[in-house]
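Colleague: Right, I'll just put the structure down here and ask away after.
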Amino acid sequence: MSLTLRTISREQHLAYIQTLPAASHMQVPAWADVKAEWRSESLGWFDDRTGEMVGAGLVLYRQLPKIKRYLAYLPEGPVINWFSPHLEEWLQPMLAHLKQQGAFSVKMGPPVIIRRWEAASIKKGIQDPDVKRLRDVEADFIEPRAFEVADRLRRMGWQQGEDGGAGFGDVQPRYVFQVPLANRSLEDVHKGFNQLWRRNIKKAEKAGVEVVQGGYQDLEEWQRLYEVTAERDRFRPRPLGYFQRMWTALNNEDPNRMRLYFARHEGENVAAATMLVVGGHVWYSYGASANHKREVRPSNAMQWRMLRDAYALGATVYDLRGISDSLDESDHLFGLIQFKVGTGGQAAEYLGEWDFPLNKLLHKALDIYMSRR
């Protein structure tokens, strides 16, 4: 197949995404508005024989301090045929184009899954004292073509971080937790939960926890709970303006793109979460909870409602996003994987993020700059 790459309009980009079963929420045109501090561009790949669009990518450009050169970033993209035996024909024109745009380095995250582990295998791994990481557990599914993609990328000169992107080394998580919904009944999904999850859902129901959807006007209340969570879990929260921008940009593009949920007990909001939808892929993207009333299990009730809503939307996968690959109970991120494993889903490992230095000197300078931050 001979291909042509060119800049496309947002309308063309969105129309293409809408023809796909799913794509990352970071590859829809509206994501450019969420990341307002980056310059952006939509790229399209066209089949020369038919003239039809066969791939798309959202590029975010970040300017280097003091010089007119950019880092070009395609988060969880581009959306192309990654298993093509002629991957060079997709990526070489992209590199040439980005270089022309003033990029000194390109970072991308192929949306390609290498391995999957079932919840039961992860539980066994947690119980085994010799197992410290997810990759020490034998995977239940391996995608051999993903290894070919990695080989092709290396041969083309693409590079990966020293640790191969273990844990949270990449900008986007390399390991995620997903609950498959395709060809399953809701009853089946509920049966897949572990005993603790089922008990907690029941407990929340008995205690009278109700889960409701919120709108733009409720983002301030979301922010209050989110900042409580940030202080407790010691991370730097995003400002309210970020979520307001996210809500406006994503829901202007598609009224169902972003949702907000609250778990309430006795009239008080005690947990909240945001949900994102692109085609058949639904993500739980941000979560927050109060420091009190945890005994009424609002988070389990909220996840169960979000899962049911995702199912009603016809989703094929409910994605709980990032996990660390550590199975060590003393690791501060261990609670996260333990909570998510309880849903009975699968851990998935992506190919990770890859860099192509178009200007080796500037790329090195950026590396040093980033490591000092």
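By convention here, the chains of the structure tokens are called A, B, ... in the order presented, each chain's residues are numbered starting at 1, and ligands are numbered starting at 1 in the order presented.
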For Glu37 of chain A, please output as JSON, numbers by chain all residues within 10 Å (counting only C-alpha atoms; exclusion window: fewer than 6 positions along the same chain).

Modeller: {"A": [60, 61, 62, 63]}

Colleague: Save out the residues we just selected, C-alpha atoms, as a PDB file, in the first residue's frame.

Modeller:
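Saved to again-v7.pdb:
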ATOM      1  CA  LEU A  60       0.894  17.985  20.497  1.00  0.00           C
ATOM      2  CA  TYR A  61       3.874  20.362  20.141  1.00  0.00           C
ATOM      3  CA  ARG A  62       5.662  21.650  23.250  1.00  0.00           C
ATOM      4  CA  GLN A  63       8.162  24.443  22.704  1.00  0.00           C
TER       5      GLN A  63
END

Colleague: For Arg184 of chain A, work out the shell of residues within 10 Å, counting only C-alpha atoms and skipping chain neighbours fewer than 5 positions away, then give it as a PDB file with N, CA, C and O atoms, in the first residue's frame.

Modeller:
ATOM      1  N   VAL A 189     -20.334 -10.309  34.800  1.00  0.00           N
ATOM      2  CA  VAL A 189     -19.343  -9.315  35.246  1.00  0.00           C
ATOM      3  C   VAL A 189     -19.367  -9.244  36.777  1.00  0.00           C
ATOM      4  O   VAL A 189     -18.318  -9.258  37.434  1.00  0.00           O
ATOM      5  N   TYR A 311     -21.669  -0.522  30.285  1.00  0.00           N
ATOM      6  CA  TYR A 311     -22.290  -1.685  29.655  1.00  0.00           C
ATOM      7  C   TYR A 311     -23.521  -1.259  28.852  1.00  0.00           C
ATOM      8  O   TYR A 311     -23.716  -1.678  27.704  1.00  0.00           O
ATOM      9  N   THR A 316     -17.197  -2.276  25.065  1.00  0.00           N
ATOM     10  CA  THR A 316     -16.583  -3.603  25.015  1.00  0.00           C
ATOM     11  C   THR A 316     -15.541  -3.753  26.118  1.00  0.00           C
ATOM     12  O   THR A 316     -15.146  -4.854  26.473  1.00  0.00           O
TER      13      THR A 316
END

Colleague: Give the answer as one residue: which of A:His281, A:Lys99, A:His13, A:His265 has the shortest atom-to-atom distance to Val209 of chain A, using only C-alpha atoms?

Modeller: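 For Val209 of chain A, the nearest of the given residues is A:His265.
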
Colleague: From the list A:Thr248, A:Gly215, A:Ser371, A:His190, which residue is nearest Leu307 of chain A when using only C-alpha atoms?

Modeller: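 Smallest distance to Leu307 of chain A is found for A:His190.
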
Colleague: Determine, using only C-alpha atoms, which residues of segment 64-149 of chain A have any atom at most 10 Å from an atom of segment 6-11 of chain A, and tabulate each with its shortest atom pair and distance in Å to one decimal place, rows ordered by chain and then rising number, as JSON lines.

Modeller:
{"residue": "A:Pro93", "atom": "CA", "partner": "A:Arg6", "partner_atom": "CA", "distance": 9.2}
{"residue": "A:Met94", "atom": "CA", "partner": "A:Arg6", "partner_atom": "CA", "distance": 8.8}
{"residue": "A:His97", "atom": "CA", "partner": "A:Arg6", "partner_atom": "CA", "distance": 8.3}

Colleague: Export, as a tab-separated table (two decimals), in the first residue's frame, the selected residues with N, CA, C and O atoms.

Modeller:
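Written output follows (out-v5.tsv):
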chain	number	residue	atom	x	y	z
A	93	PRO	N	7.17	9.05	6.77
A	93	PRO	CA	6.59	10.34	6.35
A	93	PRO	C	6.19	11.20	7.55
A	93	PRO	O	6.28	12.43	7.50
A	94	MET	N	5.77	10.55	8.64
A	94	MET	CA	5.40	11.30	9.84
A	94	MET	C	6.63	12.01	10.42
A	94	MET	O	6.57	13.20	10.76
A	97	HIS	N	7.62	14.94	8.24
A	97	HIS	CA	6.68	16.05	8.41
A	97	HIS	C	6.94	16.79	9.73
A	97	HIS	O	6.95	18.03	9.76

Colleague: Would you pick out the contacts of Thr50 of chain A at 12 Å or less, using only C-alpha atoms, so that residues sharing its chain but fewer than 5 positions from it are not included, and give the list as a ChimeraX atom specification?

Modeller: /A:1-4,45

Colleague: Pull all heavy atoms from the residues just selected and write them as a PDB file, in the first residue's frame.

Modeller:
ATOM      1  N   MET A   1       0.848  -1.192   0.000  1.00  0.00           N
ATOM      2  CA  MET A   1       0.000   0.000   0.000  1.00  0.00           C
ATOM      3  C   MET A   1       0.888   1.248   0.000  1.00  0.00           C
ATOM      4  O   MET A   1       1.811   1.358   0.791  1.00  0.00           O
ATOM      5  CB  MET A   1      -0.859   0.005   1.272  1.00  0.00           C
ATOM      6  CG  MET A   1      -1.865   1.152   1.311  1.00  0.00           C
ATOM      7  SD  MET A   1      -2.551   1.448   2.965  1.00  0.00           S
ATOM      8  CE  MET A   1      -3.729   0.147   3.114  1.00  0.00           C
ATOM      9  N   SER A   2       0.601   2.155  -0.937  1.00  0.00           N
ATOM     10  CA  SER A   2       1.396   3.387  -0.919  1.00  0.00           C
ATOM     11  C   SER A   2       0.569   4.481  -0.246  1.00  0.00           C
ATOM     12  O   SER A   2      -0.630   4.637  -0.501  1.00  0.00           O
ATOM     13  CB  SER A   2       1.816   3.706  -2.353  1.00  0.00           C
ATOM     14  OG  SER A   2       1.477   4.985  -2.719  1.00  0.00           O
ATOM     15  N   LEU A   3       1.218   5.232   0.668  1.00  0.00           N
ATOM     16  CA  LEU A   3       0.500   6.156   1.545  1.00  0.00           C
ATOM     17  C   LEU A   3       0.956   7.590   1.390  1.00  0.00           C
ATOM     18  O   LEU A   3       2.115   7.854   1.110  1.00  0.00           O
ATOM     19  CB  LEU A   3       0.733   5.759   3.009  1.00  0.00           C
ATOM     20  CG  LEU A   3       0.218   4.398   3.468  1.00  0.00           C
ATOM     21  CD1 LEU A   3       0.851   4.028   4.795  1.00  0.00           C
ATOM     22  CD2 LEU A   3      -1.292   4.416   3.594  1.00  0.00           C
ATOM     23  N   THR A   4       0.034   8.518   1.621  1.00  0.00           N
ATOM     24  CA  THR A   4       0.372   9.944   1.666  1.00  0.00           C
ATOM     25  C   THR A   4      -0.061  10.469   3.029  1.00  0.00           C
ATOM     26  O   THR A   4      -1.147  10.128   3.505  1.00  0.00           O
ATOM     27  CB  THR A   4      -0.375  10.708   0.552  1.00  0.00           C
ATOM     28  OG1 THR A   4       0.050  10.184  -0.701  1.00  0.00           O
ATOM     29  CG2 THR A   4      -0.072  12.200   0.606  1.00  0.00           C
ATOM     30  N   TRP A  45      -3.432   9.805   7.286  1.00  0.00           N
ATOM     31  CA  TRP A  45      -2.744   8.940   6.310  1.00  0.00           C
ATOM     32  C   TRP A  45      -3.778   8.518   5.277  1.00  0.00           C
ATOM     33  O   TRP A  45      -4.885   8.096   5.635  1.00  0.00           O
ATOM     34  CB  TRP A  45      -2.197   7.682   6.985  1.00  0.00           C
ATOM     35  CG  TRP A  45      -0.915   7.858   7.730  1.00  0.00           C
ATOM     36  CD1 TRP A  45       0.337   7.511   7.284  1.00  0.00           C
ATOM     37  CD2 TRP A  45      -0.726   8.365   9.062  1.00  0.00           C
ATOM     38  NE1 TRP A  45       1.278   7.787   8.262  1.00  0.00           N
ATOM     39  CE2 TRP A  45       0.655   8.315   9.354  1.00  0.00           C
ATOM     40  CE3 TRP A  45      -1.598   8.878  10.033  1.00  0.00           C
ATOM     41  CZ2 TRP A  45       1.179   8.733  10.578  1.00  0.00           C
ATOM     42  CZ3 TRP A  45      -1.080   9.305  11.247  1.00  0.00           C
ATOM     43  CH2 TRP A  45       0.296   9.236  11.510  1.00  0.00           C
TER      44      TRP A  45
END

Colleague: Using backbone DSSP assignments, extract all strand (DSSP E or B) residues from segment 198-269 of chain A; output them as a ChimeraX atom specification.

Modeller: /A:210-214,258-265,268-269

Colleague: Generate a file of the selected residues that holds all heavy atoms, formatted as a CSV table (one decimal), in the first residue's frame.

Modeller:
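To be explicit, this is the file written out as result.csv:
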chain,number,residue,atom,x,y,z
A,210,GLU,N,-26.1,6.4,47.5
A,210,GLU,CA,-26.7,6.5,46.1
A,210,GLU,C,-25.7,7.2,45.2
A,210,GLU,O,-24.9,8.0,45.6
A,210,GLU,CB,-28.0,7.3,46.1
A,210,GLU,CG,-28.0,8.7,46.8
A,210,GLU,CD,-29.1,9.6,46.4
A,210,GLU,OE1,-29.9,9.3,45.5
A,210,GLU,OE2,-29.2,10.7,47.0
A,211,VAL,N,-25.7,6.7,43.9
A,211,VAL,CA,-24.7,7.2,43.0
A,211,VAL,C,-25.5,8.0,41.9
A,211,VAL,O,-26.5,7.6,41.4
A,211,VAL,CB,-23.9,6.1,42.3
A,211,VAL,CG1,-22.9,6.7,41.3
A,211,VAL,CG2,-23.2,5.3,43.3
A,212,VAL,N,-25.0,9.3,41.8
A,212,VAL,CA,-25.7,10.2,40.8
A,212,VAL,C,-24.7,10.8,39.8
A,212,VAL,O,-23.5,10.9,40.1
A,212,VAL,CB,-26.4,11.4,41.6
A,212,VAL,CG1,-27.5,10.8,42.5
A,212,VAL,CG2,-25.4,12.2,42.4
A,213,GLN,N,-25.3,11.2,38.7
A,213,GLN,CA,-24.4,11.9,37.7
A,213,GLN,C,-24.5,13.4,37.9
A,213,GLN,O,-25.5,13.9,38.3
A,213,GLN,CB,-24.9,11.6,36.3
A,213,GLN,CG,-24.1,10.5,35.6
A,213,GLN,CD,-24.6,10.3,34.2
A,213,GLN,OE1,-25.4,9.5,33.9
A,213,GLN,NE2,-24.0,11.1,33.3
A,214,GLY,N,-23.3,14.1,37.7
A,214,GLY,CA,-23.3,15.5,37.9
A,214,GLY,C,-23.0,16.2,36.6
A,214,GLY,O,-22.8,15.5,35.5
A,258,MET,N,-17.6,12.9,28.2
A,258,MET,CA,-17.1,12.9,29.6
A,258,MET,C,-18.3,12.9,30.5
A,258,MET,O,-19.3,13.7,30.3
A,258,MET,CB,-16.2,14.2,29.8
A,258,MET,CG,-15.7,14.3,31.2
A,258,MET,SD,-14.6,15.7,31.4
A,258,MET,CE,-14.3,15.7,33.2
A,259,ARG,N,-18.2,12.2,31.6
A,259,ARG,CA,-19.3,12.1,32.6
A,259,ARG,C,-18.7,12.3,34.0
A,259,ARG,O,-17.5,12.0,34.2
A,259,ARG,CB,-20.0,10.8,32.6
A,259,ARG,CG,-20.8,10.5,31.3
A,259,ARG,CD,-21.5,9.2,31.4
A,259,ARG,NE,-22.5,9.0,30.3
A,259,ARG,CZ,-23.5,8.1,30.4
A,259,ARG,NH1,-23.6,7.4,31.5
A,259,ARG,NH2,-24.3,8.0,29.4
A,260,LEU,N,-19.5,12.8,34.9
A,260,LEU,CA,-19.1,13.0,36.3
A,260,LEU,C,-20.0,12.3,37.2
A,260,LEU,O,-21.2,12.4,37.0
A,260,LEU,CB,-19.1,14.5,36.6
A,260,LEU,CG,-18.7,15.0,37.9
A,260,LEU,CD1,-17.3,14.7,38.3
A,260,LEU,CD2,-18.9,16.5,38.0
A,261,TYR,N,-19.5,11.5,38.1
A,261,TYR,CA,-20.3,10.7,39.1
A,261,TYR,C,-20.0,11.1,40.5
A,261,TYR,O,-18.8,11.4,40.9
A,261,TYR,CB,-20.0,9.2,38.9
A,261,TYR,CG,-20.6,8.7,37.6
A,261,TYR,CD1,-19.9,8.7,36.4
A,261,TYR,CD2,-21.8,8.0,37.6
A,261,TYR,CE1,-20.4,8.2,35.3
A,261,TYR,CE2,-22.3,7.5,36.5
A,261,TYR,CZ,-21.6,7.6,35.3
A,261,TYR,OH,-22.1,7.1,34.1
A,262,PHE,N,-21.0,11.1,41.4
A,262,PHE,CA,-20.8,11.3,42.8
A,262,PHE,C,-21.5,10.1,43.6
A,262,PHE,O,-22.6,9.7,43.2
A,262,PHE,CB,-21.5,12.6,43.3
A,262,PHE,CG,-20.8,13.8,42.8
A,262,PHE,CD1,-21.3,14.5,41.7
A,262,PHE,CD2,-19.7,14.3,43.5
A,262,PHE,CE1,-20.7,15.7,41.3
A,262,PHE,CE2,-19.0,15.4,43.0
A,262,PHE,CZ,-19.5,16.1,41.9
A,263,ALA,N,-20.8,9.6,44.6
A,263,ALA,CA,-21.5,8.7,45.5
A,263,ALA,C,-21.9,9.5,46.8
A,263,ALA,O,-21.0,10.2,47.4
A,263,ALA,CB,-20.5,7.6,45.9
A,264,ARG,N,-23.1,9.4,47.1
A,264,ARG,CA,-23.7,10.2,48.2
A,264,ARG,C,-24.1,9.4,49.4
A,264,ARG,O,-24.7,8.3,49.1
A,264,ARG,CB,-24.9,11.0,47.7
A,264,ARG,CG,-24.5,12.3,47.1
A,264,ARG,CD,-25.7,13.2,46.8
A,264,ARG,NE,-25.3,14.2,45.9
A,264,ARG,CZ,-26.1,14.8,45.0
A,264,ARG,NH1,-27.4,14.5,45.0
A,264,ARG,NH2,-25.7,15.7,44.2
A,265,HIS,N,-23.9,9.9,50.6
A,265,HIS,CA,-24.4,9.2,51.7
A,265,HIS,C,-25.1,10.2,52.7
A,265,HIS,O,-24.4,11.2,53.0
A,265,HIS,CB,-23.3,8.4,52.5
A,265,HIS,CG,-23.8,7.6,53.6
A,265,HIS,ND1,-23.5,7.9,54.9
A,265,HIS,CD2,-24.6,6.5,53.6
A,265,HIS,CE1,-24.2,7.0,55.7
A,265,HIS,NE2,-24.8,6.1,55.0
A,268,GLU,N,-24.6,13.7,51.6
A,268,GLU,CA,-23.3,14.3,51.5
A,268,GLU,C,-22.5,13.5,50.4
A,268,GLU,O,-22.5,12.3,50.4
A,268,GLU,CB,-22.6,14.1,52.9
A,268,GLU,CG,-21.2,14.7,52.9
A,268,GLU,CD,-20.4,14.3,54.2
A,268,GLU,OE1,-21.0,13.6,55.0
A,268,GLU,OE2,-19.3,14.8,54.3
A,269,ASN,N,-21.7,14.3,49.6
A,269,ASN,CA,-20.9,13.6,48.6
A,269,ASN,C,-19.6,13.1,49.2
A,269,ASN,O,-18.9,13.8,49.8
A,269,ASN,CB,-20.5,14.6,47.5
A,269,ASN,CG,-21.7,15.0,46.7
A,269,ASN,OD1,-22.6,14.2,46.3
A,269,ASN,ND2,-21.8,16.3,46.4

Colleague: Tell me, as a ChimeraX atom specification, which residues lie within 12 Å of segment 360-366 of chain A, counting only C-alpha atoms; anything in the same chain fewer than 5 positions away does not count.

Modeller: /A:62-65,67-72,102-107,157,159,355,371-373

Colleague: Atom CA of Phe46 of chain A and atom CA of Leu95 of chain A are how many Å apart?

Modeller: 16.0 Å

Colleague: Write out as a ChimeraX atom specification each polymer residue whose atoms come within 9 Å of Arg133 of chain A, counting only C-alpha atoms; drop sequence neighbours fewer than 4 positions from it.

Modeller: /A:125-126,137,324-328

Colleague: With all heavy atoms retained, export the selected residues as an mmCIF file, in the first residue's frame.

Modeller:
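Wrote it out as again_3.cif, contents follow:
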data_model
loop_
_atom_site.group_PDB
_atom_site.id
_atom_site.type_symbol
_atom_site.label_atom_id
_atom_site.label_comp_id
_atom_site.auth_asym_id
_atom_site.auth_seq_id
_atom_site.Cartn_x
_atom_site.Cartn_y
_atom_site.Cartn_z
ATOM 1 N N GLY A 125 0.258 -14.581 42.035
ATOM 2 C CA GLY A 125 1.544 -13.885 42.066
ATOM 3 C C GLY A 125 1.738 -13.106 43.363
ATOM 4 O O GLY A 125 2.826 -13.110 43.947
ATOM 5 N N ILE A 126 0.659 -12.464 43.824
ATOM 6 C CA ILE A 126 0.734 -11.678 45.060
ATOM 7 C C ILE A 126 1.041 -12.592 46.246
ATOM 8 O O ILE A 126 1.776 -12.226 47.161
ATOM 9 C CB ILE A 126 -0.590 -10.890 45.283
ATOM 10 C CG1 ILE A 126 -0.722 -9.770 44.231
ATOM 11 C CG2 ILE A 126 -0.655 -10.298 46.692
ATOM 12 C CD1 ILE A 126 -2.083 -9.082 44.178
ATOM 13 N N VAL A 137 5.178 -12.883 36.692
ATOM 14 C CA VAL A 137 4.041 -13.810 36.599
ATOM 15 C C VAL A 137 3.856 -14.196 35.135
ATOM 16 O O VAL A 137 3.901 -13.343 34.255
ATOM 17 C CB VAL A 137 2.738 -13.134 37.116
ATOM 18 C CG1 VAL A 137 1.532 -14.064 36.972
ATOM 19 C CG2 VAL A 137 2.907 -12.684 38.555
ATOM 20 N N SER A 324 0.707 0.176 38.873
ATOM 21 C CA SER A 324 2.153 -0.030 38.895
ATOM 22 C C SER A 324 2.354 -1.526 38.641
ATOM 23 O O SER A 324 1.423 -2.313 38.827
ATOM 24 C CB SER A 324 2.689 0.361 40.270
ATOM 25 O OG SER A 324 3.664 -0.539 40.695
ATOM 26 N N ASP A 325 3.549 -1.937 38.224
ATOM 27 C CA ASP A 325 3.731 -3.376 37.980
ATOM 28 C C ASP A 325 4.275 -4.077 39.225
ATOM 29 O O ASP A 325 4.672 -5.230 39.175
ATOM 30 C CB ASP A 325 4.638 -3.621 36.761
ATOM 31 C CG ASP A 325 6.094 -3.304 37.048
ATOM 32 O OD1 ASP A 325 6.344 -2.430 37.907
ATOM 33 O OD2 ASP A 325 6.973 -3.922 36.429
ATOM 34 N N SER A 326 4.271 -3.367 40.372
ATOM 35 C CA SER A 326 4.791 -3.955 41.608
ATOM 36 C C SER A 326 3.722 -4.792 42.312
ATOM 37 O O SER A 326 2.603 -4.334 42.520
ATOM 38 C CB SER A 326 5.276 -2.855 42.550
ATOM 39 O OG SER A 326 5.598 -3.418 43.801
ATOM 40 N N LEU A 327 4.081 -6.022 42.677
ATOM 41 C CA LEU A 327 3.165 -6.880 43.435
ATOM 42 C C LEU A 327 3.648 -7.013 44.880
ATOM 43 O O LEU A 327 3.258 -7.922 45.599
ATOM 44 C CB LEU A 327 3.060 -8.263 42.774
ATOM 45 C CG LEU A 327 2.507 -8.286 41.341
ATOM 46 C CD1 LEU A 327 2.395 -9.710 40.820
ATOM 47 C CD2 LEU A 327 1.161 -7.586 41.241
ATOM 48 N N ASP A 328 4.511 -6.101 45.287
ATOM 49 C CA ASP A 328 5.080 -6.098 46.622
ATOM 50 C C ASP A 328 4.141 -5.340 47.562
ATOM 51 O O ASP A 328 3.857 -4.164 47.337
ATOM 52 C CB ASP A 328 6.457 -5.418 46.547
ATOM 53 C CG ASP A 328 7.164 -5.385 47.880
ATOM 54 O OD1 ASP A 328 6.537 -5.756 48.894
ATOM 55 O OD2 ASP A 328 8.344 -4.992 47.900
#

Colleague: From the list A:Asp128, A:Glu253, A:Glu227, A:Asp188, which residue is nearest Gly345 of chain A when using only C-alpha atoms?

Modeller: A:Asp188

Colleague: Atom CA of Leu87 of chain A and atom CA of Phe147 of chain A are how many Å apart?

Modeller: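 Taking atom CA of Leu87 of chain A and atom CA of Phe147 of chain A, their separation equals 13.2 Å.
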
Colleague: Would you pick out the contacts of segment 292-296 of chain A at 9 Å or less, using only C-alpha atoms, so that residues sharing its chain but fewer than 2 positions from it are not included, and give the list as a PyMOL selection string?

Modeller: chain A and resi 200+203-209+265+270+289-290+298-299

Colleague: Leaving out Gly287 of chain A and any residue of its chain fewer than 3 positions from it, which residues lie within 10 Å of it when counting only C-alpha atoms, given as a compact mmCIF listing (two decimals) with C-alpha atoms, in the first residue's frame?

Modeller:
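For reference, result39.txt as written:
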# COMPACT_ATOMS: atom_id res chain seq x y z
CA TRP A 222 -15.62 17.47 42.40
CA LEU A 225 -13.12 16.07 47.02
CA TYR A 226 -10.22 15.71 44.58
CA THR A 229 -7.61 13.08 48.00
CA LEU A 260 -19.07 13.01 36.28
CA TYR A 261 -20.30 10.74 39.09
CA PHE A 262 -20.85 11.28 42.81
CA ALA A 271 -16.68 9.98 46.51
CA ALA A 272 -16.52 11.19 42.92
CA ALA A 273 -15.10 10.09 39.56
CA THR A 274 -14.82 11.18 35.95
CA MET A 275 -15.55 8.83 33.07
CA TYR A 284 -12.54 5.63 34.68
CA SER A 299 -16.05 3.85 45.81
CA GLN A 303 -17.50 1.81 40.19

Colleague: Kindly give the distance, in Å, that separates atom CA of Lys124 of chain A and atom CA of Pro173 of chain A, rounded to a single decimal.

Modeller: 23.2 Å

Colleague: Run DSSP on the backbone and tell me which residues of segment 44-265 of chain A come out as alpha helix (DSSP H); list them as a ChimeraX atom specification.

Modeller: /A:87-100,119-127,144-156,186-192,195-207,219-233,240-253

Colleague: A:Trp247, A:Pro85, A:Glu349, A:Asp309: which is nearest Pro110 of chain A, counting only C-alpha atoms?

Modeller: A:Glu349

Colleague: Which one is closest to Asn252 of chain A: A:Asp33, A:Tyr286, A:Leu5, A:Ile114? Count only C-alpha atoms.

Modeller: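 Closest residue, counting only C-alpha atoms: A:Asp33.
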